[in-house]
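I have placed the structure first, in the form of structure tokens, so that the comments after it can refer back to it.
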Amino acid sequence: MSGFSYQTAFSRNIGWLTLDEQQRLRHKRVAIAGMGGVGGFHLLTLARLGIEKFNIADLDTFELANFNRQTGAGMSSLERPKVEVLAEMVRDINPESDLAIYPQGVNEGNLQAFFQDVDLYIDGLDFFAFDARERVFAHCAQHGIPAVTVAPLGMSAALLNFLPGGMSFEDYFQLDGRPELEKALRFLVGLAPALLHRHYLADKTRVNLKERRGPSTIMACQLCAGVAATEALKILLGRGKVWAAPHGIQFDGYRNKLAHTWRPGGNRHPFNRLAIAIARHQLGI
């Protein structure tokens with residue numbers, strides 16, 4: 001495209017990155033499933049970091065209820081497929097981007113293709129998409145693909161990394177074979193064992209796991225994208241400490257607090273088991 005120069009567009013990254021590192025990032029391929037709350041921000045942040053190869057998946061379209069937190073959501077994109085809108089935004093940043101688009105989401109039929117030549121997976125799936133998430137993380141573990149999830153909880157970002165040879169997603173969360181509501185409890189507790197966000201929920205009636213309903217904020221989504229992109233940089237370049245599960249990190253912007261947790265055994269850990277039991281009792285499960 002006339003007027004575009006990769007070197008100029010991403011020249012302000014240089015200093016925090018070397019020229020060689022920028023070129024290495026350029027040729028990495030990142031897969032992101034889910035283009036909603038956090039997934040779209042992950043994609044655009046990585047595109048501005050200079051990564052230009054992506055596999056992206058989402059089967060949903062934008063609606064009014066997405067306006068409070070999802071990049072790409074606006075009047076001009078109502079009822080348009082999220083993957084198409086976000087792909088256009090990426091190409092507007094970098095016309096040389098190479099995007100493989102999966103408008104049916106990630107499923108058993110396209111799982112192999114979705115992860116073809118992928119160097120890193122970043123999770124952007126809806127909180128309740130347990131079947132897809134379990135399938136995706138299992139594939140990553142089986143094929144040695146590093147996987148990052150950063151959850152937008154309250155006004156915080158909760159990070160977990162699952163690295164080749166380390167603790168797997170299933171080993172940590174223990175979701176397999178459990179009812180959906182139990183999966184939701186285990187996923188919520190496992191994502192952020194420090195529960196920094198629990199202190200300032202203003203209206204508890206807005207949280208209902210049985211109805212797949214909960215509040216969200218734009219601040220959390222943007223925090224998550226910054227954290228995920230930084231982890232991506234470290235993993236893809238082999239530079240800097242990367243804490244892998246059962247380590248977890250949560251930063252809460254509302255409380256200005258940072259927590260680093262270590263839960264050997266994941267949700268088998270006594271603290272997590274206690275938190276799950278308390279939540280189960282409170283919900284009458």
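Simple scheme: letters A, B, ... for chains in structure tokens order, numbers from 1 for residues in each chain, numbers from 1 for ligands in the order shown.
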
Write out as a compact mmCIF listing (two decimals) with C-alpha atoms, in the first residue's frame which residues come within 7 Å of range 88-105 of chain A when counting only C-alpha atoms, dropping same-chain ones fewer than 6 positions away.
```txt
# COMPACT_ATOMS: atom_id res chain seq x y z
CA MET A 1 0.00 0.00 0.00
CA LEU A 44 -4.90 -4.58 18.13
CA ALA A 47 -0.65 -5.42 15.82
CA GLU A 52 1.65 -9.06 11.59
CA LYS A 53 0.66 -12.74 11.42
CA PHE A 54 -2.53 -13.79 13.17
CA ASN A 55 -5.10 -16.57 13.25
CA ILE A 56 -8.32 -15.13 14.69
CA ALA A 57 -11.66 -16.79 15.45
CA ASP A 58 -15.09 -15.66 16.59
CA LEU A 59 -18.60 -16.71 15.56
```

Hey, what's within 8 Å of Leu223 in chain A if we count only C-alpha atoms and toss same-chain stuff fewer than 2 positions away? As a list in words, please? Pro152, Ser156, Ala157, Met219, Ala220, Cys221, Ala225, Gly226 and Val227 of chain A

Each residue of range 52-160 of chain A with at least one atom at most 12 Å from range 245-256 of chain A should appear once, together with its nearest atom pair and the corresponding distance in Å (one decimal); atoms considered: only C-alpha atoms; ordering: chain, then increasing residue number; output as a Markdown table.
```
| residue | atom | partner | partner_atom | distance |
| --- | --- | --- | --- | --- |
| A:Pro146 | CA | A:Ala245 | CA | 11.6 |
| A:Ala147 | CA | A:Ala245 | CA | 10.7 |
| A:Val148 | CA | A:Ala245 | CA | 10.1 |
| A:Thr149 | CA | A:Gly248 | CA | 10.3 |
| A:Val150 | CA | A:Gln250 | CA | 8.9 |
| A:Ala151 | CA | A:Gln250 | CA | 9.0 |
| A:Pro152 | CA | A:Asp252 | CA | 9.8 |
| A:Leu153 | CA | A:Asp252 | CA | 8.6 |
| A:Gly154 | CA | A:Asp252 | CA | 8.1 |
| A:Met155 | CA | A:Gly253 | CA | 5.8 |
| A:Ser156 | CA | A:Asp252 | CA | 4.0 |
| A:Ala157 | CA | A:Phe251 | CA | 5.5 |
| A:Ala158 | CA | A:Gln250 | CA | 4.2 |
| A:Leu159 | CA | A:Ile249 | CA | 5.1 |
| A:Leu160 | CA | A:Gly248 | CA | 5.2 |
```

Those same residues - N, CA, C and O atoms - I'd like them written as a compact mmCIF listing (two decimals), in the first residue's frame.
```txt
# COMPACT_ATOMS: atom_id res chain seq x y z
N PRO A 146 2.85 -22.37 23.69
CA PRO A 146 2.60 -21.57 24.89
C PRO A 146 1.23 -20.90 24.80
O PRO A 146 0.81 -20.46 23.72
N ALA A 147 0.54 -20.83 25.94
CA ALA A 147 -0.81 -20.27 25.98
C ALA A 147 -0.94 -19.31 27.15
O ALA A 147 -0.50 -19.60 28.26
N VAL A 148 -1.55 -18.16 26.86
CA VAL A 148 -1.71 -17.09 27.85
C VAL A 148 -3.18 -16.77 28.02
O VAL A 148 -3.92 -16.63 27.03
N THR A 149 -3.62 -16.64 29.26
CA THR A 149 -4.96 -16.12 29.52
C THR A 149 -4.85 -15.00 30.53
O THR A 149 -4.13 -15.11 31.53
N VAL A 150 -5.53 -13.88 30.23
CA VAL A 150 -5.58 -12.75 31.16
C VAL A 150 -7.05 -12.37 31.31
O VAL A 150 -7.68 -11.91 30.36
N ALA A 151 -7.59 -12.57 32.50
CA ALA A 151 -9.02 -12.41 32.74
C ALA A 151 -9.36 -10.99 33.20
O ALA A 151 -8.71 -10.47 34.11
N PRO A 152 -10.39 -10.37 32.60
CA PRO A 152 -10.84 -9.05 33.05
C PRO A 152 -11.86 -9.21 34.18
O PRO A 152 -13.03 -9.51 33.94
N LEU A 153 -11.42 -9.02 35.39
CA LEU A 153 -12.27 -9.21 36.57
C LEU A 153 -12.39 -7.89 37.31
O LEU A 153 -11.40 -7.36 37.82
N GLY A 154 -13.59 -7.34 37.38
CA GLY A 154 -13.79 -6.04 38.01
C GLY A 154 -13.05 -4.98 37.23
O GLY A 154 -13.32 -4.73 36.06
N MET A 155 -12.05 -4.37 37.86
CA MET A 155 -11.19 -3.40 37.21
C MET A 155 -9.74 -3.89 37.32
O MET A 155 -8.82 -3.13 37.61
N SER A 156 -9.60 -5.20 37.09
CA SER A 156 -8.29 -5.82 37.23
C SER A 156 -8.00 -6.76 36.08
O SER A 156 -8.89 -7.12 35.30
N ALA A 157 -6.73 -7.17 36.01
CA ALA A 157 -6.28 -8.16 35.04
C ALA A 157 -5.63 -9.30 35.81
O ALA A 157 -4.74 -9.08 36.63
N ALA A 158 -6.08 -10.53 35.52
CA ALA A 158 -5.56 -11.72 36.21
C ALA A 158 -4.87 -12.63 35.20
O ALA A 158 -5.51 -13.15 34.29
N LEU A 159 -3.58 -12.82 35.36
CA LEU A 159 -2.73 -13.52 34.39
C LEU A 159 -2.40 -14.94 34.82
O LEU A 159 -2.02 -15.19 35.96
N LEU A 160 -2.50 -15.86 33.84
CA LEU A 160 -1.99 -17.22 33.99
C LEU A 160 -1.31 -17.61 32.68
O LEU A 160 -1.89 -17.43 31.60
```

Which one is closest to Phe187 in chain A: A:Lys234, A:Arg29, A:His143, A:Arg273? Count only C-alpha atoms. A:Arg273

List the neighbours of Ala129 in chain A out to 12 Å using only C-alpha atoms; skip same-chain residues closer than 3 positions along the sequence, and give me the result as a PyMOL selection string. chain A and resi 33-34+58-59+105-107+123-126+132-136+180-181+183-184+187+212

I need the residues from that last selection saved to file as a compact mmCIF listing (two decimals), in the first residue's frame (with N, CA and C atoms), if you can.
```
# COMPACT_ATOMS: atom_id res chain seq x y z
N ALA A 33 -8.45 -16.80 19.95
CA ALA A 33 -9.83 -17.24 19.82
C ALA A 33 -10.70 -16.32 20.66
N GLY A 34 -11.69 -15.68 20.02
CA GLY A 34 -12.55 -14.73 20.70
C GLY A 34 -12.12 -13.31 20.40
N ASP A 58 -13.92 -16.08 15.81
CA ASP A 58 -15.09 -15.66 16.59
C ASP A 58 -16.31 -15.90 15.72
N LEU A 59 -17.38 -16.41 16.32
CA LEU A 59 -18.60 -16.71 15.56
C LEU A 59 -19.72 -15.69 15.82
N GLY A 105 -15.76 -19.62 14.58
CA GLY A 105 -15.13 -19.88 15.87
C GLY A 105 -14.18 -21.06 15.77
N VAL A 106 -13.70 -21.52 16.92
CA VAL A 106 -12.81 -22.68 16.96
C VAL A 106 -13.63 -23.90 17.32
N ASN A 107 -13.51 -24.95 16.52
CA ASN A 107 -14.24 -26.18 16.79
C ASN A 107 -13.37 -27.37 16.42
N ASP A 123 -5.78 -16.30 24.87
CA ASP A 123 -7.19 -16.62 25.05
C ASP A 123 -8.05 -15.36 25.08
N GLY A 124 -9.08 -15.35 24.23
CA GLY A 124 -10.04 -14.26 24.24
C GLY A 124 -11.47 -14.76 24.27
N LEU A 125 -11.65 -16.04 24.58
CA LEU A 125 -12.98 -16.66 24.56
C LEU A 125 -13.86 -16.10 25.68
N ASP A 126 -15.15 -16.15 25.44
CA ASP A 126 -16.12 -15.77 26.45
C ASP A 126 -15.91 -16.60 27.72
N ALA A 132 -15.03 -25.06 24.30
CA ALA A 132 -14.03 -24.55 23.35
C ALA A 132 -12.71 -24.28 24.05
N ARG A 133 -12.77 -23.70 25.24
CA ARG A 133 -11.54 -23.35 25.96
C ARG A 133 -10.77 -24.61 26.37
N GLU A 134 -11.47 -25.60 26.87
CA GLU A 134 -10.80 -26.84 27.26
C GLU A 134 -10.14 -27.51 26.05
N ARG A 135 -10.84 -27.48 24.93
CA ARG A 135 -10.32 -28.09 23.70
C ARG A 135 -9.08 -27.35 23.21
N VAL A 136 -9.13 -26.04 23.22
CA VAL A 136 -8.03 -25.22 22.72
C VAL A 136 -6.78 -25.37 23.60
N GLU A 180 -21.59 -27.49 34.21
CA GLU A 180 -21.16 -26.16 33.78
C GLU A 180 -21.04 -25.17 34.93
N LEU A 181 -21.98 -25.19 35.86
CA LEU A 181 -21.92 -24.24 36.96
C LEU A 181 -20.70 -24.49 37.85
N LYS A 183 -17.94 -25.77 36.74
CA LYS A 183 -16.81 -25.28 35.93
C LYS A 183 -16.65 -23.78 36.11
N ALA A 184 -17.77 -23.06 36.11
CA ALA A 184 -17.72 -21.61 36.26
C ALA A 184 -17.09 -21.22 37.59
N PHE A 187 -13.33 -22.09 37.46
CA PHE A 187 -12.62 -21.19 36.57
C PHE A 187 -12.44 -19.82 37.22
N ARG A 212 -25.47 -17.17 33.27
CA ARG A 212 -24.33 -16.74 32.45
C ARG A 212 -24.28 -15.22 32.33
```

Residue neighbourhood Val189 in chain A, 7 Å, only C-alpha atoms, exclusion window fewer than 4 positions, as a compact mmCIF listing (two decimals) with C-alpha atoms, in the first residue's frame:
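What follows is the written file around_28.txt:
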```txt
# COMPACT_ATOMS: atom_id res chain seq x y z
CA LEU A 185 -16.90 -21.62 39.97
CA PRO A 193 -7.02 -16.79 43.74
CA ASN A 272 -8.69 -22.82 46.26
CA ALA A 275 -12.84 -20.68 48.09
CA ILE A 276 -14.77 -22.98 45.75
```

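Using only C-alpha atoms, the shortest contact distance between Asn66 in chain A and any of A:Val242, A:Gln112, A:Gly37, A:Tyr121 is found at A:Gly37.
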
I'd like to know which residues of range 58-269 of chain A are strand (DSSP E or B) (by DSSP, run on the backbone); could you write them as a PyMOL selection string? chain A and resi 61-62+78+81+98-102+120-123+147-153+156-162+208+213+247-252+257-262

List every residue of range 116-241 of chain A that DSSP, applied to the backbone of this structure, assigns to alpha helix (DSSP H), and report them as an MDAnalysis selection string. chainID A and resid 130:143 169:173 180:191 218:237

Between CA of His27 in chain A and CA of Phe162 in chain A, what distance in Å does the model show, to one decimal? 22.1 Å
